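A.B. asks: Structure: entry_34.tsv, TSV, C-alpha atoms.
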```tsv
chain	number	residue	atom	x	y	z
D	1460	MET	CA	-4.76	-46.41	-44.04
D	1461	GLN	CA	-5.88	-42.83	-43.44
D	1462	ARG	CA	-8.09	-43.96	-40.56
D	1463	THR	CA	-5.24	-45.86	-38.93
D	1464	GLN	CA	-2.99	-42.81	-39.16
D	1465	ALA	CA	-5.67	-40.54	-37.72
D	1466	ALA	CA	-6.58	-43.00	-34.97
D	1467	THR	CA	-2.99	-43.22	-33.75
D	1468	ARG	CA	-2.40	-39.47	-33.97
D	1469	GLY	CA	-1.41	-37.81	-30.71
D	1470	PRO	CA	-3.15	-34.86	-29.03
D	1471	MET	CA	-4.05	-31.90	-31.19
D	1472	PHE	CA	-1.31	-29.81	-29.58
D	1473	ALA	CA	1.70	-30.72	-27.51
D	1474	ASP	CA	1.73	-27.24	-26.00
D	1475	LYS	CA	-0.34	-24.04	-26.06
D	1476	PRO	CA	-2.62	-23.71	-29.12
D	1477	PRO	CA	-2.32	-20.72	-31.49
D	1478	GLU	CA	-3.87	-17.50	-30.22
D	1479	ASN	CA	-5.61	-16.85	-33.55
D	1480	PRO	CA	-7.94	-19.60	-34.84
D	1481	VAL	CA	-7.48	-18.40	-38.44
D	1482	ASP	CA	-3.79	-19.34	-38.23
D	1483	LEU	CA	-4.74	-22.87	-37.20
D	1484	LEU	CA	-7.40	-23.08	-39.92
D	1485	ARG	CA	-4.88	-22.09	-42.56
D	1486	GLU	CA	-2.65	-24.98	-41.46
D	1487	TRP	CA	-5.50	-27.48	-41.51
D	1488	TYR	CA	-6.85	-26.19	-44.82
D	1489	LYS	CA	-3.45	-26.57	-46.47
D	1490	GLU	CA	-3.34	-30.21	-45.35
D	1491	ALA	CA	-6.92	-30.74	-46.60
D	1492	GLU	CA	-6.04	-29.34	-50.03
D	1493	ALA	CA	-3.36	-32.03	-50.29
D	1494	SER	CA	-5.48	-34.92	-49.01
D	1495	GLU	CA	-9.13	-34.34	-49.95
D	1496	PRO	CA	-10.12	-35.81	-53.34
D	1497	ASN	CA	-12.75	-33.13	-54.04
D	1498	ASP	CA	-13.64	-29.63	-52.84
D	1499	PRO	CA	-11.70	-29.16	-49.57
D	1500	ASN	CA	-13.56	-25.81	-49.34
D	1501	ALA	CA	-17.01	-27.43	-49.17
D	1502	ILE	CA	-19.07	-26.34	-46.17
D	1503	ALA	CA	-22.48	-27.32	-44.83
D	1504	LEU	CA	-24.09	-23.90	-44.32
D	1505	ALA	CA	-27.01	-23.45	-41.91
D	1506	THR	CA	-29.40	-20.49	-41.93
D	1507	VAL	CA	-32.77	-19.89	-40.26
D	1508	GLY	CA	-36.16	-18.97	-41.70
D	1509	GLU	CA	-38.97	-16.70	-40.51
D	1510	ASP	CA	-40.53	-19.60	-38.60
D	1511	GLY	CA	-37.28	-20.37	-36.77
D	1512	MET	CA	-36.76	-23.57	-38.76
D	1513	PRO	CA	-33.09	-24.16	-39.64
D	1514	SER	CA	-32.07	-24.95	-43.20
D	1515	VAL	CA	-28.75	-26.44	-44.32
D	1516	ARG	CA	-27.03	-27.01	-47.67
D	1517	MET	CA	-23.57	-27.49	-49.13
D	1518	VAL	CA	-21.81	-24.45	-50.60
D	1519	LEU	CA	-18.20	-23.57	-51.41
D	1520	LEU	CA	-16.19	-21.31	-49.16
D	1521	LYS	CA	-14.35	-18.88	-51.42
D	1522	ASP	CA	-12.18	-16.91	-49.01
D	1523	PHE	CA	-11.37	-16.55	-45.34
D	1524	ASP	CA	-9.20	-14.31	-43.20
D	1525	GLU	CA	-9.32	-12.49	-39.87
D	1526	LYS	CA	-12.42	-10.58	-41.04
D	1527	GLY	CA	-14.47	-13.71	-41.71
D	1528	PHE	CA	-15.58	-16.42	-44.11
D	1529	VAL	CA	-16.91	-15.58	-47.57
D	1530	PHE	CA	-19.27	-17.43	-49.92
D	1531	TYR	CA	-21.41	-16.31	-52.87
D	1532	THR	CA	-25.01	-16.94	-53.86
D	1533	ASN	CA	-28.16	-15.72	-55.56
D	1534	LEU	CA	-29.52	-13.14	-53.11
D	1535	GLU	CA	-33.08	-14.11	-54.06
D	1536	SER	CA	-32.50	-17.77	-53.17
D	1537	ARG	CA	-33.82	-19.31	-49.96
D	1538	LYS	CA	-30.50	-18.89	-48.15
D	1539	GLY	CA	-30.07	-15.39	-49.58
D	1540	THR	CA	-33.41	-14.18	-48.26
D	1541	GLN	CA	-32.93	-15.94	-44.93
D	1542	LEU	CA	-29.54	-14.30	-44.43
D	1543	THR	CA	-30.95	-10.90	-45.41
D	1544	ASN	CA	-33.77	-11.24	-42.87
D	1545	HIS	CA	-31.77	-13.06	-40.16
D	1546	PRO	CA	-28.07	-12.20	-40.51
D	1547	LYS	CA	-26.67	-15.14	-38.58
D	1548	ALA	CA	-25.23	-18.41	-39.87
D	1549	ALA	CA	-23.25	-21.49	-38.94
D	1550	PHE	CA	-21.28	-24.00	-40.96
D	1551	VAL	CA	-19.12	-27.08	-40.64
D	1552	MET	CA	-16.18	-28.18	-42.78
D	1553	HIS	CA	-15.53	-31.92	-42.65
D	1554	TRP	CA	-12.38	-33.49	-44.05
D	1555	LYS	CA	-12.92	-37.23	-44.08
D	1556	SER	CA	-9.37	-37.98	-45.23
D	1557	LEU	CA	-7.97	-36.24	-42.14
D	1558	GLU	CA	-10.79	-37.12	-39.71
D	1559	ARG	CA	-11.11	-33.47	-38.82
D	1560	GLN	CA	-13.86	-30.89	-38.81
D	1561	VAL	CA	-14.19	-27.17	-38.11
D	1562	ARG	CA	-17.42	-25.58	-36.87
D	1563	VAL	CA	-18.09	-21.85	-37.19
D	1564	GLU	CA	-20.91	-19.63	-35.91
D	1565	GLY	CA	-21.30	-15.90	-36.40
D	1566	HIS	CA	-23.03	-12.85	-37.78
D	1567	THR	CA	-23.29	-12.21	-41.51
D	1568	GLN	CA	-22.98	-9.13	-43.65
D	1569	PRO	CA	-22.90	-8.57	-47.42
D	1570	VAL	CA	-19.52	-8.39	-49.12
D	1571	THR	CA	-18.62	-5.13	-50.85
D	1572	THR	CA	-19.60	-4.43	-54.45
D	1573	GLU	CA	-15.92	-4.54	-55.39
D	1574	GLU	CA	-15.45	-7.97	-53.80
D	1575	ALA	CA	-18.53	-9.37	-55.55
D	1576	ASP	CA	-17.48	-7.95	-58.92
D	1577	THR	CA	-13.94	-9.29	-58.61
D	1578	TYR	CA	-15.06	-12.80	-57.74
D	1579	PHE	CA	-17.87	-12.88	-60.31
D	1580	HIS	CA	-15.49	-12.00	-63.14
D	1581	SER	CA	-13.02	-14.64	-61.98
D	1582	ARG	CA	-15.60	-17.35	-62.68
D	1583	ALA	CA	-15.88	-19.28	-65.92
D	1584	ARG	CA	-18.04	-17.49	-68.50
D	1585	GLY	CA	-20.56	-20.34	-68.44
D	1586	SER	CA	-20.97	-19.89	-64.68
D	1587	GLN	CA	-21.49	-16.16	-65.18
D	1588	ILE	CA	-24.26	-16.88	-67.70
D	1589	GLY	CA	-25.70	-19.44	-65.29
D	1590	ALA	CA	-25.98	-16.79	-62.58
D	1591	TRP	CA	-28.26	-14.80	-64.89
D	1592	ALA	CA	-30.28	-17.83	-66.01
D	1593	SER	CA	-30.91	-19.49	-62.63
D	1594	LYS	CA	-33.82	-18.47	-60.43
D	1595	GLN	CA	-32.28	-20.34	-57.54
D	1596	SER	CA	-34.62	-22.12	-55.09
D	1597	ARG	CA	-37.75	-21.26	-57.09
D	1598	PRO	CA	-40.07	-23.68	-58.95
D	1599	LEU	CA	-38.98	-24.85	-62.41
D	1600	GLU	CA	-41.44	-26.26	-64.95
D	1601	SER	CA	-38.79	-28.37	-66.65
D	1602	ARG	CA	-35.08	-28.63	-67.32
D	1603	TYR	CA	-35.84	-27.29	-70.79
D	1604	GLU	CA	-37.05	-24.03	-69.28
D	1605	LEU	CA	-33.65	-23.55	-67.63
D	1606	GLU	CA	-31.81	-24.43	-70.84
D	1607	LYS	CA	-33.85	-21.82	-72.75
D	1608	ARG	CA	-32.88	-19.18	-70.21
D	1609	VAL	CA	-29.22	-20.16	-70.50
D	1610	ALA	CA	-29.45	-19.85	-74.29
D	1611	ARG	CA	-31.23	-16.49	-74.01
D	1612	TYR	CA	-28.60	-14.93	-71.76
D	1613	GLY	CA	-25.81	-16.59	-73.71
D	1614	ALA	CA	-27.07	-14.77	-76.80
D	1615	LYS	CA	-27.58	-11.51	-74.91
D	1616	PHE	CA	-24.00	-11.52	-73.62
D	1617	HIS	CA	-22.39	-13.30	-76.56
D	1618	VAL	CA	-19.62	-10.71	-76.83
D	1619	GLY	CA	-17.88	-8.57	-74.28
D	1620	ARG	CA	-17.84	-8.80	-70.52
D	1621	VAL	CA	-20.78	-10.39	-68.69
D	1622	PRO	CA	-22.02	-7.92	-66.06
D	1623	ARG	CA	-22.68	-9.20	-62.56
D	1624	PRO	CA	-26.43	-9.49	-61.84
D	1625	GLU	CA	-27.65	-7.26	-59.01
D	1626	HIS	CA	-29.24	-10.33	-57.44
D	1627	TRP	CA	-25.91	-12.19	-57.24
D	1628	SER	CA	-23.38	-11.37	-54.52
D	1629	GLY	CA	-21.79	-12.76	-51.39
D	1630	PHE	CA	-21.88	-12.84	-47.62
D	1631	ARG	CA	-19.16	-12.74	-45.00
D	1632	ILE	CA	-19.61	-14.59	-41.72
D	1633	ALA	CA	-17.84	-12.71	-38.92
D	1634	PRO	CA	-17.18	-15.55	-36.47
D	1635	THR	CA	-18.02	-15.45	-32.79
D	1636	ARG	CA	-17.29	-19.15	-32.21
D	1637	ILE	CA	-14.86	-21.53	-33.96
D	1638	GLU	CA	-14.40	-25.13	-32.89
D	1639	PHE	CA	-11.70	-27.51	-34.10
D	1640	TRP	CA	-12.39	-31.25	-33.83
D	1641	GLN	CA	-9.90	-34.05	-34.41
D	1642	SER	CA	-10.65	-37.77	-34.24
D	1643	GLY	CA	-9.10	-39.71	-31.38
D	1644	ARG	CA	-8.85	-43.34	-30.33
D	1645	PHE	CA	-11.87	-44.92	-28.60
D	1646	ARG	CA	-13.90	-41.80	-29.50
D	1647	LEU	CA	-11.83	-39.69	-27.12
D	1648	HIS	CA	-11.64	-36.88	-29.64
D	1649	ASP	CA	-9.87	-33.53	-29.32
D	1650	ARG	CA	-12.15	-30.48	-29.30
D	1651	LEU	CA	-10.71	-27.00	-29.09
D	1652	LEU	CA	-13.11	-24.05	-28.90
D	1653	TYR	CA	-12.28	-20.42	-29.68
D	1654	LEU	CA	-14.73	-17.80	-28.41
D	1655	ARG	CA	-14.61	-14.19	-29.58
D	1656	GLN	CA	-13.86	-11.79	-26.72
D	1657	GLY	CA	-13.50	-8.17	-27.76
D	1658	ASP	CA	-10.80	-7.98	-30.43
D	1659	GLY	CA	-9.29	-11.30	-29.43
D	1660	TRP	CA	-10.11	-14.90	-28.61
D	1661	VAL	CA	-10.27	-17.13	-25.56
D	1662	THR	CA	-9.81	-20.89	-25.83
D	1663	GLN	CA	-11.48	-23.83	-24.09
D	1664	TRP	CA	-10.89	-27.55	-24.35
D	1665	LEU	CA	-14.18	-29.46	-24.52
D	1666	TYR	CA	-14.95	-33.01	-23.46
D	1667	PRO	CA	-15.44	-35.27	-26.51
```
Take the structure in the file and write it out as C-alpha cells.
C.D. replies:
Amino acid sequence: MQRTQAATRGPMFADKPPENPVDLLREWYKEAEASEPNDPNAIALATVGEDGMPSVRMVLLKDFDEKGFVFYTNLESRKGTQLTNHPKAAFVMHWKSLERQVRVEGHTQPVTTEEADTYFHSRARGSQIGAWASKQSRPLESRYELEKRVARYGAKFHVGRVPRPEHWSGFRIAPTRIEFWQSGRFRLHDRLLYLRQGDGWVTQWLYP
C-alpha cells in the first residue's frame, strides 16, 4: 500500500522549493518518525582511510540544524580515526516506508565538550558503561572478554555519575551538498540538489 501511494505521488513541489534545505529535512523527518517502524534517524555514514579507500557503516543521527548533522562515536574507532585524519564525510538517510532518501556531503569537526557531555549523560546508564568497556573496531578475543570489561566498569562506577570517557565524543558534518530524492512512477524520480554558496544555498533539479 505504501508503494502504491508513493508511486502515484505528484512532483516533489508544486512551486518553488524551500530556500533552506534544513526546513525541508525537518518536514520529511517528521513524516519518517510517523511512518518508519525503526530508527528513522539511521544513516549510512561514509568516511575515507589513509589509502583513499571509502568505508561505510550505519550510525544514528542525534541532532541536526543549520550548523550541521551530529553523531557520536568512540574517537579511537575506525571511523573516529578516519574523521580525525580526513575531516570529510557523506551519508544517506533512506526511508523505505516513504520511498525517499536524503544524501549529505560535507566537512566534519568535533562537537564541543559541553555538547558531548550533555548527550553522554542523556544516555542510559548501561550505554554509558558500554562506552567505557568497548574498544570499538579493535580485535576481541571473545565475547567473554567484553563482558568482563563491562562488569569491571560497572563496578568502578557503581554509584554516582558515570564520567564521559575522553575517547568518546561526537562529530558535526557541516554540509556543502544536500540532495533530496523521491520515488516516481516508471523510475522518473524527483531529485532536488542544494549546493552551499557562501552563507546560502542554490538549488538544481537533477535528471533521475
A.B. asks: Which residues are near range 1516-1530 of chain D? Cut-off 10 Å, all atoms listed in the file, ignore same chain within fewer than 6 positions. Put them as number ranges by chain.
C.D. replies: D: 1479-1482, 1484-1485, 1498-1506, 1538, 1550-1552, 1563, 1565-1570, 1574-1575, 1578, 1628-1635
A.B. asks: So that I can see what lies close to Val1621 in chain D, please list as a ChimeraX atom specification the residues with an atom at most 8 Å from it, counting all atoms listed in the file and leaving out residues fewer than 4 positions away in the same chain.
C.D. replies: /D:1580,1584,1587-1588,1616
A.B. asks: Please report as JSON lines every residue of range 1504-1591 of chain D lying within 10 Å of range 1647-1667 of chain D, along with the nearest atom pair and their distance in Å (one decimal), using only C-alpha atoms.
C.D. replies:
```
{"residue": "D:Arg1559", "atom": "CA", "partner": "D:Asp1649", "partner_atom": "CA", "distance": 9.6}
{"residue": "D:Gln1560", "atom": "CA", "partner": "D:Arg1650", "partner_atom": "CA", "distance": 9.7}
{"residue": "D:Val1561", "atom": "CA", "partner": "D:Arg1650", "partner_atom": "CA", "distance": 9.6}
{"residue": "D:Arg1562", "atom": "CA", "partner": "D:Leu1652", "partner_atom": "CA", "distance": 9.2}
{"residue": "D:Val1563", "atom": "CA", "partner": "D:Tyr1653", "partner_atom": "CA", "distance": 9.6}
{"residue": "D:Glu1564", "atom": "CA", "partner": "D:Leu1654", "partner_atom": "CA", "distance": 9.9}
{"residue": "D:Gly1565", "atom": "CA", "partner": "D:Arg1655", "partner_atom": "CA", "distance": 9.7}
```
A.B. asks: With distances taken over only C-alpha atoms, which of D:Ala1590, D:Ala1614, D:Ala1583, D:Val1507 is nearest to Ala1549 in chain D?
C.D. replies: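 Result for the nearest residue to Ala1549 in chain D: D:Val1507.
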A.B. asks: In Å, how far is it from CA of Lys1547 in chain D to CA of Met1471 in chain D?
C.D. replies: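 Calculated distance between CA of Lys1547 in chain D and CA of Met1471 in chain D is 29.1 Å.
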A.B. asks: Using Å and a single decimal, report how far CA of Glu1492 in chain D sits from CA of Ser1556 in chain D.
C.D. replies: 10.4 Å
A.B. asks: State, in Å with one decimal place, the distance from CA of Tyr1603 in chain D to CA of Thr1540 in chain D.
C.D. replies: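 If I compute the distance from CA of Tyr1603 in chain D to CA of Thr1540 in chain D, I get 26.2 Å.
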A.B. asks: Rank nothing, just name the residue among D:Tyr1531, D:Phe1645, D:Tyr1612, D:Trp1640 nearest to Trp1627 in chain D, using all atoms listed in the file.
C.D. replies: D:Tyr1531
A.B. asks: Could you write range 1511-1522 of chain D as a PDB file, keeping the file's coordinate frame, with N, CA, C and O atoms rebuilt where they are missing?
C.D. replies:
```
ATOM      1  N   GLY D1511     -38.280 -19.831 -37.687  1.00  0.00           N
ATOM      2  CA  GLY D1511     -37.280 -20.370 -36.770  1.00  0.00           C
ATOM      3  C   GLY D1511     -36.739 -21.723 -37.170  1.00  0.00           C
ATOM      4  O   GLY D1511     -35.886 -22.277 -36.472  1.00  0.00           O
ATOM      5  N   MET D1512     -37.216 -22.264 -38.297  1.00  0.00           N
ATOM      6  CA  MET D1512     -36.760 -23.570 -38.760  1.00  0.00           C
ATOM      7  C   MET D1512     -35.389 -23.434 -39.419  1.00  0.00           C
ATOM      8  O   MET D1512     -35.220 -22.626 -40.318  1.00  0.00           O
ATOM      9  N   PRO D1513     -34.400 -24.226 -38.991  1.00  0.00           N
ATOM     10  CA  PRO D1513     -33.090 -24.160 -39.640  1.00  0.00           C
ATOM     11  C   PRO D1513     -33.115 -24.829 -41.001  1.00  0.00           C
ATOM     12  O   PRO D1513     -33.924 -25.712 -41.275  1.00  0.00           O
ATOM     13  N   SER D1514     -32.199 -24.404 -41.863  1.00  0.00           N
ATOM     14  CA  SER D1514     -32.070 -24.950 -43.200  1.00  0.00           C
ATOM     15  C   SER D1514     -30.582 -25.084 -43.494  1.00  0.00           C
ATOM     16  O   SER D1514     -29.797 -24.185 -43.179  1.00  0.00           O
ATOM     17  N   VAL D1515     -30.177 -26.210 -44.081  1.00  0.00           N
ATOM     18  CA  VAL D1515     -28.750 -26.440 -44.320  1.00  0.00           C
ATOM     19  C   VAL D1515     -28.530 -26.962 -45.729  1.00  0.00           C
ATOM     20  O   VAL D1515     -29.371 -27.686 -46.272  1.00  0.00           O
ATOM     21  N   ARG D1516     -27.392 -26.567 -46.330  1.00  0.00           N
ATOM     22  CA  ARG D1516     -27.030 -27.010 -47.670  1.00  0.00           C
ATOM     23  C   ARG D1516     -25.522 -26.881 -47.844  1.00  0.00           C
ATOM     24  O   ARG D1516     -24.860 -26.151 -47.094  1.00  0.00           O
ATOM     25  N   MET D1517     -24.992 -27.569 -48.844  1.00  0.00           N
ATOM     26  CA  MET D1517     -23.570 -27.490 -49.130  1.00  0.00           C
ATOM     27  C   MET D1517     -23.290 -26.322 -50.073  1.00  0.00           C
ATOM     28  O   MET D1517     -23.980 -26.145 -51.081  1.00  0.00           O
ATOM     29  N   VAL D1518     -22.289 -25.513 -49.722  1.00  0.00           N
ATOM     30  CA  VAL D1518     -21.810 -24.450 -50.600  1.00  0.00           C
ATOM     31  C   VAL D1518     -20.281 -24.477 -50.558  1.00  0.00           C
ATOM     32  O   VAL D1518     -19.686 -25.229 -49.793  1.00  0.00           O
ATOM     33  N   LEU D1519     -19.658 -23.632 -51.375  1.00  0.00           N
ATOM     34  CA  LEU D1519     -18.200 -23.570 -51.410  1.00  0.00           C
ATOM     35  C   LEU D1519     -17.714 -22.285 -50.753  1.00  0.00           C
ATOM     36  O   LEU D1519     -18.160 -21.187 -51.103  1.00  0.00           O
ATOM     37  N   LEU D1520     -16.825 -22.446 -49.797  1.00  0.00           N
ATOM     38  CA  LEU D1520     -16.190 -21.310 -49.160  1.00  0.00           C
ATOM     39  C   LEU D1520     -15.149 -20.748 -50.115  1.00  0.00           C
ATOM     40  O   LEU D1520     -14.270 -21.472 -50.597  1.00  0.00           O
ATOM     41  N   LYS D1521     -15.227 -19.460 -50.406  1.00  0.00           N
ATOM     42  CA  LYS D1521     -14.350 -18.880 -51.420  1.00  0.00           C
ATOM     43  C   LYS D1521     -13.195 -18.063 -50.855  1.00  0.00           C
ATOM     44  O   LYS D1521     -12.229 -17.779 -51.570  1.00  0.00           O
ATOM     45  N   ASP D1522     -13.273 -17.672 -49.600  1.00  0.00           N
ATOM     46  CA  ASP D1522     -12.180 -16.910 -49.010  1.00  0.00           C
ATOM     47  C   ASP D1522     -12.378 -16.894 -47.495  1.00  0.00           C
ATOM     48  O   ASP D1522     -13.511 -16.999 -47.010  1.00  0.00           O
TER      49      ASP D1522
END
```
